[in-house]
Amino acid sequence: MSELKKTALYSEHVRLGGKIVPFAGYEMPVQFTSIRQEHEAVRNHVGIFDVSHMGEILFAGKDALKNVDHLVSNHIAKIKPFRVVYSGLLYPNGTFVDDVLVYRIRDDEFLFCVNASNVDKDFAWMKQNVSGDLRCENVSDRYTQIAIQGPDAGKVLQPLTRTDLNAIAYYRFQMGQVAGIDALISRTGYTGEYGFELYFAPEHAIRVFQAVMESGAPFGITPAGLGCRDTLRLEAGMALYGNDIDDQHTALEANLGWVVKLEKDEFIGKAALVEQQTSGLKRHLVGFEMIDRGIPRHGYAILANGTPIGDVTSGTMSITLNKAIGMGYVASGFEAPGTIIQIQIRDNRVAARVVPLPFYSRTR
Amino acid sequence: MSYPANFKYTKDHEWLKITGSVGVIGITDHAQHQLGDVVFVELPEVGRKYEKGDVYGVVESVKAVVDCYMPVAGTIVKVNSALESQADLINSDPHGNGWMIEVELADLSEMQELMDSVAYEKYLAENAD
């Protein structure tokens, strides 16, 4: 086991009383006060997350666009600079190398944001599959990334920047300054809440973080850990690589057909997905809520009428909705909302109901 | 929080308070603190018999699922059904209203094998994360 890495904000986490755990090769805060308190702060006010463990990979050059378009399942050629696209980075069989955000910085420059645990794998996969005139570089160590999430996120951030935050629509970004530091300001997040993600040079991490904390103090800004990041994203029905999506299930099975553009001329995984689309899916990722008492957890079996039909991929007690929720793969025929299933929780088969995703969406 | 001097404790972070041959059992303040927000508790049926060390119940926080172990052998005489709707009593009052089960002890001499509060606090200090 190699030495765990620390983000540039590690000392802030310790100073603020974060409970530090190993995660994806980093020492990261899982919580500061309690998962519930931090979760509620993000839903009702504002929270700040250090997500610097996430990886960044840069594509630049004449052939950058062609290569990004070849690597990912969503449309890239059609998007303009300053837009962000969520996409699958797929194997030829249509399963996931990773799920990624692609930032189009310029016509010929793209920044991928990838999962921390997949950085090396993704980068190796990309290098293996690119060709032509481009630079493809793992720039993960050049970025601190913080997420400011919650209904008050704009009020906290606006005093620190000249960039008009109201002018940044969802899944768009601007290059600007925050607390005097050059930053990529992105209207994205992994919480289902209004908010921003900032990318900037790590040497300024503490300065920017403290400026946001200070600006957020009147709004009760709360440092938030990975624990509530997981409960927030699950309520929002967002997939987590390693739980809900992986190299065993295709993008179509994962209910991510909306990021798969089969009308594109070509991308890695297209042929397999076209074939699967034609022949029909054998399983589907669905959301469900528990009818009887019990909390679904990753790996628990899903049954229907006593017969195994799949597995739970994520589950928790929803803090916002105050009921137990989960996602999992079920065999075709059991994916319709309203279908009654059972979750094997230890010795008990506990009734649950398939429901539409997301479980929670913010009121706009 | 202090650990009551009239309780006995285990290395699995269970407490036991004995009155005659009946013991009340719960998880310690240290255990609830490690778990974080408790959201679900699974309790055994009244009348069920357990050996020392058997799993009698499950406590789940948002993130974690942990088994609860019998500090002694015995038969369940009562469970704290309030926990079904208010699992967080384990966080707010672990040594009181957050109790889990009441047990008729099979062998009172097993009490001798448990730690007193001084020994438990020493154990916690020596095994601090």
# chains A, B, ... in the order shown; residues from 1 in each chain; ligands from 1
$ closest_atom_pairs --of "chain A" --to "chain B" --cutoff "12 Å" --atoms "only C-alpha atoms" --output "CSV"
residue,atom,partner,partner_atom,distance
A:Lys19,CA,B:Gln34,CA,10.0
A:Ile20,CA,B:Asp129,CA,10.8
A:Val21,CA,B:Asp129,CA,11.2
A:Val30,CA,B:Lys63,CA,9.8
A:Gln31,CA,B:Gly36,CA,9.3
A:Phe32,CA,B:Gly36,CA,10.7
A:Thr33,CA,B:Gly36,CA,9.1
A:Ser34,CA,B:Gly36,CA,6.5
A:Ile35,CA,B:Asp37,CA,7.0
A:Arg36,CA,B:Asp37,CA,6.7
A:Gln37,CA,B:Asp37,CA,9.3
A:Glu38,CA,B:Asp37,CA,11.4
A:His39,CA,B:Val62,CA,10.9
A:Leu226,CA,B:Lys63,CA,10.4
A:Gly227,CA,B:Lys63,CA,7.1
A:Cys228,CA,B:Val62,CA,9.0
A:Arg229,CA,B:Lys63,CA,11.4
A:Asp230,CA,B:Lys63,CA,9.1
A:Thr231,CA,B:Val62,CA,8.1
A:Leu232,CA,B:Val62,CA,11.6
A:Asp292,CA,B:Glu84,CA,11.7
A:Arg293,CA,B:Phe40,CA,8.4
A:Gly294,CA,B:Phe40,CA,7.2
A:Ile295,CA,B:Phe40,CA,7.4
A:Pro296,CA,B:Val65,CA,10.6
A:Arg297,CA,B:Val65,CA,9.0
A:His298,CA,B:Lys63,CA,11.1
A:Ser314,CA,B:Lys63,CA,11.0
A:Gly315,CA,B:Val62,CA,9.4
A:Thr316,CA,B:Val62,CA,6.2
A:Met317,CA,B:Val62,CA,6.2
A:Ser318,CA,B:Val62,CA,8.5
A:Ile319,CA,B:Val62,CA,8.6
A:Asn322,CA,B:Val39,CA,9.5
A:Lys323,CA,B:Val39,CA,9.8
A:Ala324,CA,B:Val39,CA,9.4
A:Ile325,CA,B:Val62,CA,11.5
A:Ile345,CA,B:Glu42,CA,10.7
A:Arg346,CA,B:Val58,CA,9.8
A:Asp347,CA,B:Glu42,CA,11.3
A:Asn348,CA,B:Glu42,CA,10.9
$ residues_around --residues "region 30-32 of chain B" --least-positions-apart "3" --cutoff "6 Å" --atoms "only C-alpha atoms" --output "PDB file with N, CA, C and O atoms, in the first residue's frame"
ATOM      1  N   HIS B  13     -17.648  -2.676  22.995  1.00  0.00           N
ATOM      2  CA  HIS B  13     -18.319  -1.407  23.310  1.00  0.00           C
ATOM      3  C   HIS B  13     -19.811  -1.568  23.599  1.00  0.00           C
ATOM      4  O   HIS B  13     -20.634  -0.764  23.202  1.00  0.00           O
ATOM      5  N   LEU B  35     -19.955   5.601  15.346  1.00  0.00           N
ATOM      6  CA  LEU B  35     -20.941   5.312  14.302  1.00  0.00           C
ATOM      7  C   LEU B  35     -21.462   6.563  13.610  1.00  0.00           C
ATOM      8  O   LEU B  35     -21.709   6.575  12.413  1.00  0.00           O
ATOM      9  N   ASN B  91     -27.812   7.948  19.913  1.00  0.00           N
ATOM     10  CA  ASN B  91     -26.850   9.053  19.904  1.00  0.00           C
ATOM     11  C   ASN B  91     -27.063   9.997  21.076  1.00  0.00           C
ATOM     12  O   ASN B  91     -26.111  10.430  21.718  1.00  0.00           O
TER      13      ASN B  91
END
$ residues_around --residues "Val156 (chain A)" --least-positions-apart "5" --cutoff "8 Å" --atoms "only C-alpha atoms" --output "ChimeraX atom specification"
/A:212,215-216,219
$ write_last_selection --atoms "N, CA, C and O atoms" --output "PDB file, in the first residue's frame"
ATOM      1  N   VAL A 212     -13.890  31.788   1.129  1.00  0.00           N
ATOM      2  CA  VAL A 212     -15.261  31.289   0.964  1.00  0.00           C
ATOM      3  C   VAL A 212     -15.898  31.052   2.332  1.00  0.00           C
ATOM      4  O   VAL A 212     -17.061  31.406   2.561  1.00  0.00           O
ATOM      5  N   SER A 215     -16.835  34.476   3.703  1.00  0.00           N
ATOM      6  CA  SER A 215     -17.978  35.034   2.987  1.00  0.00           C
ATOM      7  C   SER A 215     -19.258  34.257   3.311  1.00  0.00           C
ATOM      8  O   SER A 215     -20.361  34.805   3.280  1.00  0.00           O
ATOM      9  N   GLY A 216     -19.081  32.972   3.632  1.00  0.00           N
ATOM     10  CA  GLY A 216     -20.238  32.116   3.891  1.00  0.00           C
ATOM     11  C   GLY A 216     -20.710  32.148   5.336  1.00  0.00           C
ATOM     12  O   GLY A 216     -21.799  31.644   5.645  1.00  0.00           O
ATOM     13  N   PHE A 219     -24.154  33.011   6.249  1.00  0.00           N
ATOM     14  CA  PHE A 219     -25.149  32.056   5.746  1.00  0.00           C
ATOM     15  C   PHE A 219     -25.025  30.706   6.458  1.00  0.00           C
ATOM     16  O   PHE A 219     -25.670  29.732   6.082  1.00  0.00           O
TER      17      PHE A 219
END
$ residues_around --residues "region 64-67 of chain A" --least-positions-apart "5" --cutoff "8 Å" --atoms "only C-alpha atoms" --output "number ranges by chain"
A: 59, 76-77, 107-110, 130-131, 133-135
$ select_by_dssp --residues "region 94-252 of chain A" --states "strand (DSSP E or B)" --output "NGL selection string"
:A and (95-106 or 109-114 or 135-138 or 144-149 or 172-178 or 181-186 or 195-200 or 222-223 or 241 or 245 or 250)
$ residues_around --residues "region 6-10 of chain A" --least-positions-apart "5" --cutoff "6 Å" --atoms "only C-alpha atoms" --output "ChimeraX atom specification"
/A:26-27,202
$ residues_around --residues "Pro44 (chain B)" --least-positions-apart "3" --cutoff "10 Å" --atoms "only C-alpha atoms" --output "VMD selection string"
chain B and resid 47 to 49 55 to 58 76 78 to 79 100 to 101
$ select_by_dssp --residues "region 207-261 of chain A" --states "alpha helix (DSSP H)" --output "list in words"
Arg207, Val208, Phe209, Gln210, Ala211, Val212, Met213, Glu214, Ser215, Gly216, Leu226, Gly227, Cys228, Arg229, Asp230, Thr231, Leu232, Arg233, Leu234 and Glu235 of chain A
$ residues_around --residues "Leu198 (chain A)" --least-positions-apart "6" --cutoff "9 Å" --atoms "only C-alpha atoms" --output "NGL selection string"
:A and (144-148 or 178 or 183-187)
$ closest_residue --among "A:His13, A:Val68, A:Glu253, A:Asp246" --to "Lys127 (chain A)" --atoms "only C-alpha atoms"
A:Val68
$ atom_distance --atom1 "CA of Asp69 (chain A)" --atom2 "CA of Thr313 (chain A)"
29.2 Å
$ decode --residues "region 200-219 of chain A" --atoms "N, CA, C and O atoms" --output "short mmCIF file (atom, residue, chain, number, x, y, z; two decimals), in the first residue's frame"
data_model
loop_
_atom_site.label_atom_id
_atom_site.label_comp_id
_atom_site.auth_asym_id
_atom_site.auth_seq_id
_atom_site.Cartn_x
_atom_site.Cartn_y
_atom_site.Cartn_z
N PHE A 200 -8.62 25.56 -9.31
CA PHE A 200 -7.56 26.59 -9.29
C PHE A 200 -6.27 25.96 -8.76
O PHE A 200 -6.25 24.81 -8.33
N ALA A 201 -5.20 26.76 -8.80
CA ALA A 201 -3.88 26.24 -8.44
C ALA A 201 -3.79 25.94 -6.94
O ALA A 201 -4.20 26.76 -6.11
N PRO A 202 -3.24 24.78 -6.58
CA PRO A 202 -3.21 24.34 -5.17
C PRO A 202 -2.47 25.28 -4.22
O PRO A 202 -2.79 25.32 -3.04
N GLU A 203 -1.52 26.07 -4.74
CA GLU A 203 -0.78 26.94 -3.81
C GLU A 203 -1.69 28.01 -3.21
O GLU A 203 -1.37 28.61 -2.20
N HIS A 204 -2.86 28.23 -3.82
CA HIS A 204 -3.80 29.22 -3.29
C HIS A 204 -4.98 28.59 -2.54
O HIS A 204 -5.94 29.27 -2.19
N ALA A 205 -4.87 27.28 -2.32
CA ALA A 205 -6.03 26.54 -1.81
C ALA A 205 -6.56 27.12 -0.49
O ALA A 205 -7.75 27.37 -0.34
N ILE A 206 -5.65 27.33 0.45
CA ILE A 206 -6.10 27.75 1.78
C ILE A 206 -6.69 29.16 1.72
O ILE A 206 -7.73 29.44 2.32
N ARG A 207 -6.05 30.02 0.92
CA ARG A 207 -6.56 31.40 0.78
C ARG A 207 -7.99 31.41 0.24
O ARG A 207 -8.86 32.10 0.77
N VAL A 208 -8.22 30.65 -0.82
CA VAL A 208 -9.56 30.64 -1.43
C VAL A 208 -10.56 29.99 -0.47
O VAL A 208 -11.67 30.50 -0.26
N PHE A 209 -10.16 28.88 0.11
CA PHE A 209 -11.05 28.16 1.03
C PHE A 209 -11.47 29.07 2.19
O PHE A 209 -12.66 29.17 2.52
N GLN A 210 -10.49 29.75 2.77
CA GLN A 210 -10.80 30.62 3.92
C GLN A 210 -11.66 31.82 3.49
O GLN A 210 -12.54 32.25 4.24
N ALA A 211 -11.41 32.31 2.29
CA ALA A 211 -12.22 33.44 1.80
C ALA A 211 -13.69 33.01 1.64
O ALA A 211 -14.61 33.74 1.99
N VAL A 212 -13.89 31.79 1.13
CA VAL A 212 -15.26 31.29 0.96
C VAL A 212 -15.90 31.05 2.33
O VAL A 212 -17.06 31.41 2.56
N MET A 213 -15.13 30.50 3.25
CA MET A 213 -15.67 30.26 4.61
C MET A 213 -16.08 31.58 5.26
O MET A 213 -17.14 31.66 5.91
N GLU A 214 -15.26 32.60 5.07
CA GLU A 214 -15.55 33.89 5.67
C GLU A 214 -16.79 34.53 5.03
O GLU A 214 -17.69 35.01 5.72
N SER A 215 -16.83 34.48 3.70
CA SER A 215 -17.98 35.03 2.99
C SER A 215 -19.26 34.26 3.31
O SER A 215 -20.36 34.80 3.28
N GLY A 216 -19.08 32.97 3.63
CA GLY A 216 -20.24 32.12 3.89
C GLY A 216 -20.71 32.15 5.34
O GLY A 216 -21.80 31.64 5.64
N ALA A 217 -19.90 32.74 6.21
CA ALA A 217 -20.23 32.72 7.64
C ALA A 217 -21.64 33.25 7.93
O ALA A 217 -22.40 32.62 8.68
N PRO A 218 -22.04 34.39 7.32
CA PRO A 218 -23.40 34.89 7.60
C PRO A 218 -24.50 33.92 7.15
O PRO A 218 -25.64 34.03 7.61
N PHE A 219 -24.15 33.01 6.25
CA PHE A 219 -25.15 32.06 5.75
C PHE A 219 -25.03 30.71 6.46
O PHE A 219 -25.67 29.73 6.08
#
